[in-house]
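Novice: Pasting protein-v2.cif below, which is mmCIF, N, CA and C atoms and all ligand atoms.
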data_coords
#
loop_
_atom_site.label_atom_id
_atom_site.label_comp_id
_atom_site.auth_asym_id
_atom_site.auth_seq_id
_atom_site.Cartn_x
_atom_site.Cartn_y
_atom_site.Cartn_z
N MET A 1 209.82 60.00 -15.65
CA MET A 1 209.63 61.03 -16.65
C MET A 1 210.38 62.28 -16.24
N VAL A 2 211.25 62.76 -17.11
CA VAL A 2 212.01 63.98 -16.84
C VAL A 2 211.19 65.17 -17.33
N LEU A 3 211.06 66.19 -16.49
CA LEU A 3 210.28 67.36 -16.90
C LEU A 3 211.21 68.47 -17.36
N ASP A 4 211.86 68.25 -18.52
CA ASP A 4 212.65 69.32 -19.12
C ASP A 4 211.83 69.96 -20.24
N ASP A 5 212.48 70.77 -21.10
CA ASP A 5 211.70 71.49 -22.11
C ASP A 5 211.24 70.60 -23.27
N THR A 6 211.61 69.31 -23.24
CA THR A 6 211.10 68.39 -24.26
C THR A 6 209.90 67.58 -23.76
N ALA A 7 209.58 67.75 -22.49
CA ALA A 7 208.48 66.96 -21.91
C ALA A 7 207.14 67.54 -22.32
N CYS A 8 206.19 66.65 -22.50
CA CYS A 8 204.81 67.06 -22.78
C CYS A 8 204.10 67.23 -21.44
N ILE A 9 203.73 68.47 -21.15
CA ILE A 9 203.12 68.75 -19.85
C ILE A 9 201.73 68.10 -19.75
N VAL A 10 201.05 67.95 -20.87
CA VAL A 10 199.74 67.29 -20.86
C VAL A 10 199.92 65.81 -20.51
N ARG A 11 200.93 65.19 -21.10
CA ARG A 11 201.21 63.78 -20.80
C ARG A 11 201.58 63.61 -19.32
N ALA A 12 202.39 64.55 -18.81
CA ALA A 12 202.79 64.47 -17.41
C ALA A 12 201.56 64.54 -16.50
N ALA A 13 200.67 65.48 -16.80
CA ALA A 13 199.45 65.62 -15.99
C ALA A 13 198.58 64.37 -16.12
N SER A 14 198.49 63.83 -17.32
CA SER A 14 197.69 62.64 -17.55
C SER A 14 198.23 61.45 -16.76
N ARG A 15 199.54 61.28 -16.80
CA ARG A 15 200.15 60.15 -16.07
C ARG A 15 199.94 60.27 -14.57
N LEU A 16 200.08 61.51 -14.08
CA LEU A 16 199.93 61.71 -12.64
C LEU A 16 198.48 61.43 -12.21
N LEU A 17 197.52 61.88 -13.02
CA LEU A 17 196.12 61.61 -12.68
C LEU A 17 195.84 60.11 -12.72
N LYS A 18 196.44 59.40 -13.68
CA LYS A 18 196.24 57.95 -13.74
C LYS A 18 196.81 57.28 -12.49
N PHE A 19 197.96 57.79 -12.04
CA PHE A 19 198.54 57.26 -10.80
C PHE A 19 197.57 57.44 -9.64
N TYR A 20 197.05 58.66 -9.51
CA TYR A 20 196.11 58.92 -8.41
C TYR A 20 194.86 58.06 -8.55
N ARG A 21 194.39 57.88 -9.78
CA ARG A 21 193.19 57.06 -9.99
C ARG A 21 193.40 55.64 -9.48
N THR A 22 194.60 55.09 -9.77
CA THR A 22 194.85 53.71 -9.34
C THR A 22 195.07 53.60 -7.83
N GLU A 23 195.35 54.74 -7.18
CA GLU A 23 195.58 54.72 -5.73
C GLU A 23 194.28 54.81 -4.93
N SER A 24 193.17 55.01 -5.59
CA SER A 24 191.90 55.18 -4.88
C SER A 24 191.57 53.94 -4.05
N CYS A 25 191.15 54.17 -2.81
CA CYS A 25 190.70 53.04 -1.98
C CYS A 25 189.23 52.75 -2.23
N GLY A 26 188.58 53.66 -2.96
CA GLY A 26 187.19 53.41 -3.34
C GLY A 26 186.14 53.96 -2.39
N LYS A 27 186.57 54.65 -1.33
CA LYS A 27 185.58 55.13 -0.36
C LYS A 27 184.87 56.40 -0.79
N CYS A 28 185.56 57.24 -1.58
CA CYS A 28 184.96 58.53 -1.96
C CYS A 28 184.54 58.54 -3.42
N THR A 29 183.28 58.82 -3.66
CA THR A 29 182.80 58.93 -5.04
C THR A 29 183.45 60.10 -5.77
N PRO A 30 183.58 61.30 -5.15
CA PRO A 30 184.20 62.41 -5.88
C PRO A 30 185.62 62.09 -6.35
N TYR A 31 186.36 61.37 -5.51
CA TYR A 31 187.73 61.02 -5.89
C TYR A 31 187.73 59.99 -7.03
N GLY A 32 187.01 58.92 -6.84
CA GLY A 32 186.99 57.86 -7.85
C GLY A 32 186.49 58.35 -9.19
N GLU A 33 185.34 59.04 -9.16
CA GLU A 33 184.77 59.55 -10.41
C GLU A 33 185.62 60.69 -10.98
N GLY A 34 186.06 61.58 -10.10
CA GLY A 34 186.81 62.76 -10.56
C GLY A 34 188.12 62.38 -11.22
N THR A 35 188.89 61.50 -10.58
CA THR A 35 190.17 61.12 -11.18
C THR A 35 189.95 60.32 -12.46
N TYR A 36 188.87 59.53 -12.50
CA TYR A 36 188.55 58.77 -13.72
C TYR A 36 188.30 59.73 -14.88
N TRP A 37 187.45 60.73 -14.64
CA TRP A 37 187.09 61.65 -15.73
C TRP A 37 188.26 62.56 -16.10
N MET A 38 188.96 63.06 -15.10
CA MET A 38 190.08 63.97 -15.41
C MET A 38 191.18 63.23 -16.18
N ALA A 39 191.50 62.01 -15.76
CA ALA A 39 192.53 61.23 -16.47
C ALA A 39 192.10 60.97 -17.90
N GLY A 40 190.83 60.66 -18.09
CA GLY A 40 190.33 60.39 -19.44
C GLY A 40 190.38 61.62 -20.33
N ILE A 41 190.01 62.76 -19.78
CA ILE A 41 190.03 64.00 -20.56
C ILE A 41 191.47 64.38 -20.92
N LEU A 42 192.37 64.24 -19.96
CA LEU A 42 193.78 64.56 -20.24
C LEU A 42 194.34 63.63 -21.32
N GLU A 43 193.97 62.37 -21.25
CA GLU A 43 194.41 61.42 -22.26
C GLU A 43 193.87 61.81 -23.64
N ARG A 44 192.62 62.26 -23.66
CA ARG A 44 192.00 62.68 -24.92
C ARG A 44 192.72 63.91 -25.50
N ILE A 45 193.03 64.88 -24.64
CA ILE A 45 193.74 66.07 -25.12
C ILE A 45 195.11 65.67 -25.64
N GLU A 46 195.80 64.82 -24.88
CA GLU A 46 197.15 64.40 -25.29
C GLU A 46 197.12 63.71 -26.65
N SER A 47 196.08 62.94 -26.91
CA SER A 47 196.01 62.20 -28.17
C SER A 47 195.60 63.08 -29.35
N GLY A 48 195.22 64.33 -29.06
CA GLY A 48 194.83 65.23 -30.13
C GLY A 48 193.33 65.27 -30.38
N ALA A 49 192.56 64.59 -29.54
CA ALA A 49 191.10 64.54 -29.73
C ALA A 49 190.37 65.45 -28.74
N GLY A 50 191.12 66.30 -28.03
CA GLY A 50 190.50 67.17 -27.04
C GLY A 50 189.81 68.37 -27.68
N THR A 51 188.98 69.04 -26.89
CA THR A 51 188.26 70.22 -27.36
C THR A 51 188.47 71.36 -26.35
N TYR A 52 188.08 72.56 -26.79
CA TYR A 52 188.17 73.69 -25.86
C TYR A 52 187.28 73.47 -24.64
N ALA A 53 186.16 72.79 -24.83
CA ALA A 53 185.25 72.52 -23.71
C ALA A 53 185.96 71.69 -22.64
N ASP A 54 186.90 70.83 -23.06
CA ASP A 54 187.64 70.03 -22.09
C ASP A 54 188.43 70.91 -21.12
N LEU A 55 188.90 72.05 -21.61
CA LEU A 55 189.67 72.96 -20.76
C LEU A 55 188.81 73.57 -19.66
N ASP A 56 187.50 73.65 -19.91
CA ASP A 56 186.57 74.12 -18.87
C ASP A 56 186.13 72.97 -17.97
N ARG A 57 186.02 71.77 -18.54
CA ARG A 57 185.55 70.62 -17.76
C ARG A 57 186.55 70.24 -16.66
N LEU A 58 187.83 70.31 -16.98
CA LEU A 58 188.84 69.84 -16.00
C LEU A 58 188.76 70.62 -14.69
N PRO A 59 188.79 71.97 -14.70
CA PRO A 59 188.68 72.68 -13.42
C PRO A 59 187.31 72.50 -12.76
N ASP A 60 186.25 72.30 -13.54
CA ASP A 60 184.93 72.03 -12.96
C ASP A 60 184.94 70.73 -12.16
N ILE A 61 185.52 69.69 -12.77
CA ILE A 61 185.61 68.39 -12.07
C ILE A 61 186.50 68.52 -10.84
N ALA A 62 187.63 69.24 -11.01
CA ALA A 62 188.54 69.44 -9.87
C ALA A 62 187.81 70.13 -8.71
N ASP A 63 186.94 71.09 -9.03
CA ASP A 63 186.15 71.77 -7.99
C ASP A 63 185.29 70.79 -7.21
N ASN A 64 184.77 69.79 -7.91
CA ASN A 64 183.91 68.80 -7.25
C ASN A 64 184.71 67.81 -6.40
N VAL A 65 185.98 67.65 -6.72
CA VAL A 65 186.84 66.76 -5.92
C VAL A 65 187.37 67.50 -4.69
N SER A 66 187.79 68.75 -4.91
CA SER A 66 188.45 69.53 -3.86
C SER A 66 187.57 69.67 -2.61
N GLY A 67 188.12 69.26 -1.49
CA GLY A 67 187.42 69.39 -0.21
C GLY A 67 186.30 68.39 0.01
N ASN A 68 186.10 67.47 -0.91
CA ASN A 68 184.99 66.52 -0.79
C ASN A 68 185.43 65.08 -0.59
N CYS A 69 186.69 64.89 -0.19
CA CYS A 69 187.20 63.53 -0.02
C CYS A 69 187.54 63.27 1.44
N LEU A 70 187.60 62.01 1.79
CA LEU A 70 187.83 61.62 3.18
C LEU A 70 189.29 61.72 3.61
N CYS A 71 190.20 61.67 2.63
CA CYS A 71 191.62 61.75 3.00
C CYS A 71 192.32 62.75 2.08
N PRO A 72 193.56 63.13 2.42
CA PRO A 72 194.25 64.18 1.65
C PRO A 72 194.59 63.80 0.21
N LEU A 73 194.45 62.53 -0.14
CA LEU A 73 194.80 62.13 -1.51
C LEU A 73 193.91 62.85 -2.53
N GLY A 74 192.69 63.12 -2.15
CA GLY A 74 191.78 63.81 -3.07
C GLY A 74 192.32 65.16 -3.48
N ASP A 75 192.62 66.00 -2.51
CA ASP A 75 193.15 67.33 -2.83
C ASP A 75 194.55 67.25 -3.42
N ALA A 76 195.32 66.23 -3.04
CA ALA A 76 196.69 66.09 -3.57
C ALA A 76 196.70 65.78 -5.06
N SER A 77 195.60 65.25 -5.58
CA SER A 77 195.57 64.86 -6.99
C SER A 77 195.40 66.06 -7.92
N LEU A 78 195.10 67.23 -7.37
CA LEU A 78 194.69 68.36 -8.21
C LEU A 78 195.76 69.40 -8.56
N PRO A 79 196.67 69.77 -7.65
CA PRO A 79 197.53 70.92 -7.92
C PRO A 79 198.39 70.82 -9.18
N PHE A 80 198.95 69.64 -9.47
CA PHE A 80 199.82 69.56 -10.66
C PHE A 80 199.02 69.88 -11.92
N MET A 81 197.85 69.26 -12.05
CA MET A 81 197.04 69.47 -13.25
C MET A 81 196.60 70.94 -13.36
N LEU A 82 196.12 71.49 -12.24
CA LEU A 82 195.62 72.87 -12.29
C LEU A 82 196.76 73.85 -12.56
N SER A 83 197.91 73.60 -11.97
CA SER A 83 199.08 74.46 -12.20
C SER A 83 199.55 74.33 -13.66
N ALA A 84 199.56 73.11 -14.17
CA ALA A 84 199.96 72.90 -15.57
C ALA A 84 199.02 73.64 -16.51
N MET A 85 197.72 73.58 -16.21
CA MET A 85 196.74 74.27 -17.07
C MET A 85 196.91 75.78 -17.00
N LYS A 86 197.31 76.27 -15.85
CA LYS A 86 197.48 77.73 -15.68
C LYS A 86 198.76 78.20 -16.37
N HIS A 87 199.86 77.51 -16.13
CA HIS A 87 201.16 78.00 -16.60
C HIS A 87 201.54 77.49 -17.99
N PHE A 88 200.91 76.42 -18.45
CA PHE A 88 201.22 75.86 -19.78
C PHE A 88 199.96 75.75 -20.63
N ARG A 89 199.08 76.71 -20.45
CA ARG A 89 197.79 76.68 -21.18
C ARG A 89 198.03 76.63 -22.70
N ALA A 90 199.04 77.35 -23.17
CA ALA A 90 199.31 77.37 -24.61
C ALA A 90 199.61 75.96 -25.13
N GLU A 91 200.25 75.15 -24.30
CA GLU A 91 200.57 73.79 -24.74
C GLU A 91 199.30 72.93 -24.83
N PHE A 92 198.38 73.14 -23.90
CA PHE A 92 197.09 72.43 -23.96
C PHE A 92 196.35 72.84 -25.24
N ILE A 93 196.34 74.14 -25.51
CA ILE A 93 195.63 74.64 -26.70
C ILE A 93 196.29 74.12 -27.97
N GLN A 94 197.61 74.05 -27.97
CA GLN A 94 198.33 73.54 -29.15
C GLN A 94 197.91 72.09 -29.45
N HIS A 95 197.76 71.28 -28.42
CA HIS A 95 197.29 69.90 -28.63
C HIS A 95 195.92 69.88 -29.30
N ILE A 96 195.04 70.78 -28.82
CA ILE A 96 193.66 70.81 -29.33
C ILE A 96 193.65 71.30 -30.78
N GLU A 97 194.37 72.39 -31.05
CA GLU A 97 194.32 72.98 -32.39
C GLU A 97 195.06 72.15 -33.44
N GLU A 98 196.15 71.51 -33.04
CA GLU A 98 196.92 70.72 -34.01
C GLU A 98 196.47 69.25 -34.07
N HIS A 99 195.54 68.88 -33.17
CA HIS A 99 195.02 67.50 -33.12
C HIS A 99 196.14 66.47 -32.99
N ARG A 100 197.14 66.82 -32.21
CA ARG A 100 198.24 65.89 -31.96
C ARG A 100 199.10 66.47 -30.82
N CYS A 101 200.05 65.66 -30.37
CA CYS A 101 200.98 66.15 -29.36
C CYS A 101 202.13 66.86 -30.05
N PRO A 102 202.29 68.16 -29.85
CA PRO A 102 203.37 68.90 -30.52
C PRO A 102 204.75 68.45 -30.06
N MET A 103 204.84 67.96 -28.84
CA MET A 103 206.13 67.53 -28.32
C MET A 103 206.59 66.24 -28.99
N ALA A 104 205.67 65.40 -29.39
CA ALA A 104 206.03 64.16 -30.08
C ALA A 104 206.75 64.48 -31.39
N ALA A 105 206.28 65.51 -32.09
CA ALA A 105 206.90 65.89 -33.36
C ALA A 105 208.31 66.42 -33.13
N SER A 106 208.49 67.26 -32.11
CA SER A 106 209.81 67.83 -31.87
C SER A 106 210.79 66.76 -31.39
N LEU A 107 210.30 65.79 -30.63
CA LEU A 107 211.17 64.69 -30.19
C LEU A 107 211.60 63.83 -31.39
N ALA A 108 210.66 63.59 -32.30
CA ALA A 108 210.98 62.77 -33.47
C ALA A 108 212.02 63.46 -34.35
N SER A 109 211.89 64.78 -34.54
CA SER A 109 212.84 65.48 -35.40
C SER A 109 214.20 65.60 -34.74
N SER A 110 214.26 65.72 -33.41
CA SER A 110 215.55 65.82 -32.74
C SER A 110 216.26 64.49 -32.68
N ALA A 111 215.54 63.39 -32.87
CA ALA A 111 216.15 62.05 -32.83
C ALA A 111 216.81 61.69 -34.16
N ARG A 112 216.49 62.48 -35.22
CA ARG A 112 217.07 62.16 -36.54
C ARG A 112 218.53 62.57 -36.62
S1 LIG A 201 190.42 60.40 -1.31
FE1 LIG A 201 191.33 58.94 0.13
S2 LIG A 201 189.57 58.02 1.18
FE2 LIG A 201 188.78 58.99 -0.70
S3 LIG A 201 188.79 57.33 -2.25
FE3 LIG A 201 190.73 58.46 -2.42
S4 LIG A 201 192.16 57.27 -1.16
FE4 LIG A 201 190.09 56.67 -0.55
#
Here is a file; write its structure as structure tokens.

Specialist:
Amino acid sequence: MVLDDTACIVRAASRLLKFYRTESCGKCTPYGEGTYWMAGILERIESGAGTYADLDRLPDIADNVSGNCLCPLGDASLPFMLSAMKHFRAEFIQHIEEHRCPMAASLASSAR
């Protein structure tokens, strides 16, 4: 996935969380549960079914993962998503308010 100005930052965060979820060795409950829930919420926002409450849930879940895992993979799963939410918050909100991925529309129109 190329992260240029046509990329959906929500999709990028969702894919990365899914990657981390599949890498779990299963020893830490905060990691297994946290990546499961965060990936699901990101997928929901990307699909246009997210809510403003989801924007509060993600950092709450991340707080429960941070520092509570047996290996560095736990903390490594968080910075991209948290940074994306901080620096591209408007894009997250756009997904919620328009009930769709705004980048999908721009990609479709540029392909014509
Ligand atoms: S954080 Fe590390 S030890 Fe914990 S479940 Fe993930 S891979 Fe396993």

Novice: DSSP on the backbone: what in chain A comes out helix (DSSP H, G or I), as a VMD selection string?

Specialist: chain A and resid 9 to 22 29 to 47 52 to 65 73 to 76 79 to 87 89 to 98 102 to 110

Novice: List all protein, DNA and RNA residues that have an atom no more than 6 Å from any atom of ligand LIG 201 (chain A), counting only C-alpha atoms and all ligand atoms, and report them as a list in words.

Specialist: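 Those within range of ligand LIG 201 (chain A) are Ser24, Cys25, Gly26, Lys27, Cys28, Tyr31, Gly32, Cys69, Leu70, Cys71, Leu73 and Gly74 of chain A.
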
Novice: Please identify all polymer residues within 8 Å of region 50-61 of chain A, counting all atoms listed in the file, omitting same-chain residues fewer than 2 positions from it, and present them as a PyMOL selection string.

Specialist: chain A and resi 30+33-35+37-38+41-48+63-66+81-82+93+95-97+99-100

Novice: Go through A:Ser14, A:Thr29, A:Thr22, A:Thr6 and flag the residue nearest Asn68 (chain A), using only N, CA and C atoms for the distances.

Specialist: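 The shortest atom-to-atom distance to Asn68 (chain A) comes from A:Thr29.
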
Novice: Hey, what's within 12 Å of Ser83 (chain A) if we count only C-alpha atoms and toss same-chain stuff fewer than 4 positions away? As a ChimeraX atom specification, please?

Specialist: /A:9-10,12-13,58-59,62,77-79,87-89

Novice: Hey, can you check how far CA of Arg21 (chain A) sits from atom N of Lys86 (chain A)?

Specialist: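 That distance, rounded to one decimal, is 20.5 Å.
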
Novice: Rounded to one decimal place, report the atom N of Glu98 (chain A)-atom N of Ala49 (chain A) distance in Å.

Specialist: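 We find that atom N of Glu98 (chain A) and atom N of Ala49 (chain A) lie 8.5 Å from each other.
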
Novice: Padding of 5 Å on every side, edges along x, y and z, all listed atoms of region 45-59 of chain A included: what centre and edge lengths in Å, to one decimal, does that box have, as JSON?

Specialist:
{"center_x": 191.2, "center_y": 68.2, "center_z": -21.6, "size_x": 21.9, "size_y": 21.9, "size_z": 27.6}

Novice: Between CA of Pro72 (chain A) and CA of Ala84 (chain A), what is the spacing in Å?

Specialist: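 Computing it gives 20.1 Å between the two atoms.
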